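Novice: One structure coming up, written as C-alpha cells, with questions to follow.
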Amino acid sequence: MEHHFTSSATRRALRAAALLLALVLGPPGWAADADLDRFRARIDALVDRLGRSTNGAVKSAGSDLYEIRRDGDALIAVITNGRFAIGMQPADTLTFDRIEIRQVGEKENGELIELAWRLPTELTISGKDKATAKITLKDATATALIEAQSGRDRETVVTVASARLDQIDTGTWAAAGPLKMTSKLVAEPSGAWSSLLDLAVSDIECFGPQVPVGVGIKRITFSGRSAGPRLEALNQWRDAIEALPADDGRSPETRGEALFAMLFSVSTPFSGIRGNIAVDGVTVRSPTAEPLVSLANLEVTTAITGLDSEAAAIRFAVSQKGLDLAPSLLEAGRVPRDATFDLGISDLNIQALGKLVRAAGAMVDERETVAGETQPSEQQALGQLLGAAAMINPIFHIYGIAIDTKDVGLDLTGEAKGSPLTPRGYSAAGDMAIRGFDAIPNLGLRLPFADYLPVLREIGIKRAASDGTERVDFNLVSVPPKWLAINGNDVAAWFDGHETKPGEPRLLRPSDPAMQGNDVRSVQRALAKANIPIDQDGVYSPTTAAAVARFQKQNGLNVSGVVDNATRQRLGLPADTPRQGGRN
C-alpha cells in the first residue's frame, strides 16, 4: 500500500523538522559574552554556516531585521519571518514566524552556555511562489547546553505539546503530540565519551484523501547510543565533515559518496553505535472506520560494535507482534501474526572495509571526470576494490528467523564463514524447525523447490513440541564438495543441471514440468514390489519422489528423492537402462 505521505511535500516537511533540530542541536560558534554586537555577530555566523553544516541542504534566504536585547543578565535574540532555501535545485522555501533564543547562564567556569528556545508556532513550505505545506506547533520549547568555544551541543531537551502538518494541495494531514527529545554528550575524565539520543512521540494520526485510509499510532520511540575512546577524535571527525564544501558542482549522490569515503579516511572516533525504534499500537482504517490493519508492536534494532578494533560486528533485528489484516487484504491463515529477523555479521575487517570504500570512491570520482570507455585509473580502482573485498571475509549469522501464522511456524538459526564464490574456507550450518509442515502449501506462496516438500517430509526428524504440536527438524550443512546436506543426506543433486549423455540413465528428480517416461514407470513398479505403493503413471511427481526418499531411508541410502545409480541398483534396475519414450 503506497501512502501519500511519501510525497515530495512530506519530504520537505521532514527537512524542515531536521532544520529545527539543527538550529537547536548544532549552533556553532556561540560564546558566553554579554556584548550585544558580538552576540549579533555570532548569530549571523550561525546562519551563514548553515549551508556547510547541512552540506548545502539548507541555506539562508534572509529574514526581517531581528532584535537583540538584554533582559537582566540574559541576552535575547528574536528572529521573525525567517526564510531558508531547503533541498537541492530547484529549492523550496521554508518560512517560520518567530524564534526566540535566550542565553540564560553559564556552567563549568564559562565553558558551557545555557540557552532556552521558544520555537516557531507556524512554518510554511513553498515551492515556485506557492505554499505547499504548513506545520503548526503548540508550546514548542527547547533548552540546551552549548560548548562556548566550539558551539557544539552537550545536552538538549526539546518538548512540543502537539504538532500538525497539512499538505495544502492534497488535503493530506498528520498530527502528533506530545513529543519529547533528549540528547546528551558525556565527556569522561579519561578522554572517552558517550552520547544518547531519545525521542518519544505519542498519539500520531494521519489521513490522505488520495489513498483514503486513516492511520493511528499510539506511540513511537527512538533510542540511540554511541561511545568512543577519545573525544578529541570525535571533534576531529566533526571538523572534517564541516570542512566539506557545501556546493562544489557535483551531484548530491556523488557528494554523499564522497562524504562516506571521507569518513573512512579519518580515524573513526566510535567504538560502538546502537539504535532502536519501536512503534506501538498501529491501526489503519477505511473511510467507513472499518479496521484494515492492526499491529501491536514493531521494533527495529541496529548495533555496531568493535569499530575501534581490527574486527567489527553488525547486528540488525526486526520484529513484529500481533499483526492482524482484514480478510479483504489477506486470508487469516496466511497472515504472519508474529515475525522476527535477527541477522548479523562479525569478524568484519575494518581496515579492509576502509580500503573497499576508498576504492569505490575513487571509481566514482573517475566516472565524474572521465567520460567514455573505462580508463586505466578506473581499472586500477576496480582491482583495489576486488582485493579489499577478498580481505573482508566475515562470518554471517542468522541469530534467529521466526515466522508464525495460524497454522505454520518456522524457526531458523545458522551461520556461514567465507564465501561460496571462493570455496576454500567456506562453510555454513543451520538448524530449522517447522510447525504445521503439511499446511505449508496452504500459504499460497511460490517457494523455491516447492516440489521437494514431500521429500523434505521424509528427510525431516519429527518430534512433539512442548505444546503437543508436531515439529519437523532439519540440520543444514554446506561444506564443499557437499554443497548442501540435510540431516546428513547430500541433496546437491537438486541443484545439479547436468544433462545425461545418450544411452545413460537419467537422474530422476522433481521438476517443472515433471519428468515422464518408461524409466519413471520402471521405478514406480520397483517401489510397488518393495511394498511402497505409488501410482504407476510414468510421471515423476513430488509424490513419487517422496516414495523414492522413503525407500532410500529404509535401505540405508542417501535420502534425496533423486533416483541415482545407487538407488537404481538397490531397486533392482539395470544401471545402464536408458529411458524409453516420454518427456524430459
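Ordering of the C-alpha cells sets the chain letters (A, B, ...); residue numbers start at 1 within each chain; ligands are numbered from 1 in the order shown.
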Pick out the residues sitting within 12 Å of Thr136 (chain A), and hand them over as a ChimeraX atom specification; count only C-alpha atoms, and ignore anything fewer than 4 positions along from it in its own chain.
Specialist: /A:13,16-17,96-97,119-125,140,160-167,173-177
Novice: Those residues you just picked out, can you put them in a file as a PDB file, in the first residue's frame with N, CA and C atoms?
Specialist:
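Printed below is part_31.pdb as written:
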ATOM      1  N   ALA A  13       8.678  18.656   4.475  1.00  0.00           N
ATOM      2  CA  ALA A  13       8.334  18.881   5.875  1.00  0.00           C
ATOM      3  C   ALA A  13       9.343  18.214   6.796  1.00  0.00           C
ATOM      4  N   ALA A  16      12.275  20.299   7.003  1.00  0.00           N
ATOM      5  CA  ALA A  16      12.026  21.433   7.883  1.00  0.00           C
ATOM      6  C   ALA A  16      12.218  21.048   9.334  1.00  0.00           C
ATOM      7  N   ALA A  17      11.704  19.864   9.718  1.00  0.00           N
ATOM      8  CA  ALA A  17      11.905  19.394  11.078  1.00  0.00           C
ATOM      9  C   ALA A  17      13.380  19.203  11.371  1.00  0.00           C
ATOM     10  N   PHE A  96       9.393  30.642   8.732  1.00  0.00           N
ATOM     11  CA  PHE A  96       8.846  30.472  10.076  1.00  0.00           C
ATOM     12  C   PHE A  96       8.502  31.838  10.655  1.00  0.00           C
ATOM     13  N   ASP A  97       7.554  31.863  11.571  1.00  0.00           N
ATOM     14  CA  ASP A  97       7.062  33.137  12.068  1.00  0.00           C
ATOM     15  C   ASP A  97       8.008  33.785  13.078  1.00  0.00           C
ATOM     16  N   LEU A 119      10.400  27.951  20.148  1.00  0.00           N
ATOM     17  CA  LEU A 119      10.404  27.575  18.740  1.00  0.00           C
ATOM     18  C   LEU A 119       9.180  28.151  18.030  1.00  0.00           C
ATOM     19  N   PRO A 120       9.192  28.144  16.698  1.00  0.00           N
ATOM     20  CA  PRO A 120       8.082  28.746  15.949  1.00  0.00           C
ATOM     21  C   PRO A 120       6.751  28.072  16.259  1.00  0.00           C
ATOM     22  N   THR A 121       5.690  28.819  16.054  1.00  0.00           N
ATOM     23  CA  THR A 121       4.349  28.248  16.139  1.00  0.00           C
ATOM     24  C   THR A 121       3.812  27.874  14.765  1.00  0.00           C
ATOM     25  N   GLU A 122       4.407  28.483  13.721  1.00  0.00           N
ATOM     26  CA  GLU A 122       3.920  28.199  12.378  1.00  0.00           C
ATOM     27  C   GLU A 122       5.068  28.239  11.383  1.00  0.00           C
ATOM     28  N   LEU A 123       5.142  27.220  10.527  1.00  0.00           N
ATOM     29  CA  LEU A 123       6.131  27.152   9.453  1.00  0.00           C
ATOM     30  C   LEU A 123       5.405  26.845   8.160  1.00  0.00           C
ATOM     31  N   THR A 124       5.886  27.439   7.095  1.00  0.00           N
ATOM     32  CA  THR A 124       5.275  27.229   5.788  1.00  0.00           C
ATOM     33  C   THR A 124       6.347  26.818   4.796  1.00  0.00           C
ATOM     34  N   ILE A 125       6.051  25.814   3.986  1.00  0.00           N
ATOM     35  CA  ILE A 125       6.949  25.369   2.924  1.00  0.00           C
ATOM     36  C   ILE A 125       6.334  25.765   1.594  1.00  0.00           C
ATOM     37  N   ALA A 140       6.107  24.746  21.791  1.00  0.00           N
ATOM     38  CA  ALA A 140       7.364  24.118  21.384  1.00  0.00           C
ATOM     39  C   ALA A 140       8.530  24.887  22.002  1.00  0.00           C
ATOM     40  N   VAL A 160       7.369  19.455  22.651  1.00  0.00           N
ATOM     41  CA  VAL A 160       6.313  20.019  21.823  1.00  0.00           C
ATOM     42  C   VAL A 160       5.004  19.420  22.310  1.00  0.00           C
ATOM     43  N   ALA A 161       4.055  20.288  22.679  1.00  0.00           N
ATOM     44  CA  ALA A 161       2.777  19.776  23.162  1.00  0.00           C
ATOM     45  C   ALA A 161       2.020  19.064  22.055  1.00  0.00           C
ATOM     46  N   SER A 162       2.035  19.634  20.844  1.00  0.00           N
ATOM     47  CA  SER A 162       1.374  18.999  19.705  1.00  0.00           C
ATOM     48  C   SER A 162       1.936  19.595  18.430  1.00  0.00           C
ATOM     49  N   ALA A 163       1.820  18.844  17.338  1.00  0.00           N
ATOM     50  CA  ALA A 163       2.282  19.295  16.030  1.00  0.00           C
ATOM     51  C   ALA A 163       1.305  18.802  14.985  1.00  0.00           C
ATOM     52  N   ARG A 164       1.165  19.601  13.921  1.00  0.00           N
ATOM     53  CA  ARG A 164       0.274  19.210  12.834  1.00  0.00           C
ATOM     54  C   ARG A 164       0.886  19.645  11.507  1.00  0.00           C
ATOM     55  N   LEU A 165       0.831  18.743  10.526  1.00  0.00           N
ATOM     56  CA  LEU A 165       1.277  19.017   9.172  1.00  0.00           C
ATOM     57  C   LEU A 165       0.076  18.938   8.244  1.00  0.00           C
ATOM     58  N   ASP A 166      -0.081  19.970   7.417  1.00  0.00           N
ATOM     59  CA  ASP A 166      -1.143  19.988   6.416  1.00  0.00           C
ATOM     60  C   ASP A 166      -0.531  20.210   5.047  1.00  0.00           C
ATOM     61  N   GLN A 167      -0.810  19.285   4.115  1.00  0.00           N
ATOM     62  CA  GLN A 167      -0.422  19.489   2.725  1.00  0.00           C
ATOM     63  C   GLN A 167      -1.570  20.215   2.032  1.00  0.00           C
ATOM     64  N   TRP A 173      -3.123  15.290   5.866  1.00  0.00           N
ATOM     65  CA  TRP A 173      -2.690  15.890   7.130  1.00  0.00           C
ATOM     66  C   TRP A 173      -2.150  14.820   8.070  1.00  0.00           C
ATOM     67  N   ALA A 174      -1.346  15.286   9.009  1.00  0.00           N
ATOM     68  CA  ALA A 174      -0.816  14.419  10.065  1.00  0.00           C
ATOM     69  C   ALA A 174      -0.725  15.237  11.338  1.00  0.00           C
ATOM     70  N   ALA A 175      -1.024  14.606  12.460  1.00  0.00           N
ATOM     71  CA  ALA A 175      -0.970  15.290  13.755  1.00  0.00           C
ATOM     72  C   ALA A 175      -0.331  14.359  14.774  1.00  0.00           C
ATOM     73  N   ALA A 176       0.349  14.942  15.751  1.00  0.00           N
ATOM     74  CA  ALA A 176       1.004  14.154  16.784  1.00  0.00           C
ATOM     75  C   ALA A 176       1.212  15.024  18.015  1.00  0.00           C
ATOM     76  N   GLY A 177       1.448  14.355  19.113  1.00  0.00           N
ATOM     77  CA  GLY A 177       1.778  15.076  20.325  1.00  0.00           C
ATOM     78  C   GLY A 177       1.187  14.391  21.540  1.00  0.00           C
TER      79      GLY A 177
END
Novice: Run DSSP on the backbone and tell me which residues of region 459-493 of chain A come out as strand (DSSP E or B); list them as an MDAnalysis selection string.
Specialist: chainID A and resid 461:464 470:479 482:486 489:490
Novice: Just want the 7 Å neighbourhood of region 556-564 of chain A, counted on only C-alpha atoms, with same-chain residues fewer than 5 positions away dropped. Output as a ChimeraX atom specification.
Specialist: /A:455,459,489-491,507-509,545-546,548-549
Novice: Would you mind exporting the chosen residues as an mmCIF file, in the first residue's frame, restricted to C-alpha atoms?
Specialist:
data_model
loop_
_atom_site.group_PDB
_atom_site.id
_atom_site.type_symbol
_atom_site.label_atom_id
_atom_site.label_comp_id
_atom_site.auth_asym_id
_atom_site.auth_seq_id
_atom_site.Cartn_x
_atom_site.Cartn_y
_atom_site.Cartn_z
ATOM 1 C CA VAL A 455 10.838 -35.294 0.115
ATOM 2 C CA ILE A 459 14.152 -36.333 5.443
ATOM 3 C CA ASN A 489 21.809 -36.505 3.448
ATOM 4 C CA ASP A 490 23.513 -34.969 0.417
ATOM 5 C CA VAL A 491 20.889 -33.191 -1.687
ATOM 6 C CA LEU A 507 18.794 -38.677 -12.752
ATOM 7 C CA LEU A 508 15.112 -38.726 -11.937
ATOM 8 C CA ARG A 509 14.079 -35.829 -9.711
ATOM 9 C CA ALA A 545 9.969 -38.502 -5.266
ATOM 10 C CA ALA A 546 8.715 -38.847 -1.663
ATOM 11 C CA VAL A 548 11.800 -42.839 -3.506
ATOM 12 C CA ALA A 549 13.029 -40.957 -0.420
#
Novice: How far is it from CA of Thr156 (chain A) to CA of Ala144 (chain A), in Å with one decimal?
Specialist: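 If I compute the distance from CA of Thr156 (chain A) to CA of Ala144 (chain A), I get 4.3 Å.
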Novice: Determine which residues of region 501-562 of chain A receive a DSSP assignment of helix (DSSP H, G or I), computed from the backbone, and state them as a VMD selection string.
Specialist: chain A and resid 518 to 529 542 to 554
Novice: Can you work out the spacing between CA of Gly538 (chain A) and CA of Phe437 (chain A) in Å, to one decimal?
Specialist: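 Separation between CA of Gly538 (chain A) and CA of Phe437 (chain A): 27.4 Å.
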Novice: Would you work out the distance separating CA of Leu484 (chain A) from CA of Leu443 (chain A), expressed in Å to one decimal?
Specialist: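 Interatomic distance, CA of Leu484 (chain A) to CA of Leu443 (chain A): 25.5 Å.
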Novice: Within 7 Å of Arg219 (chain A), counting only C-alpha atoms, which residues qualify if same-chain residues fewer than 5 places away don't, as a list of chain:residue names?
Specialist: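 Those residues are A:Val201, A:Ser202, A:Asp203, A:Val279, A:Asp280, A:Gly281.
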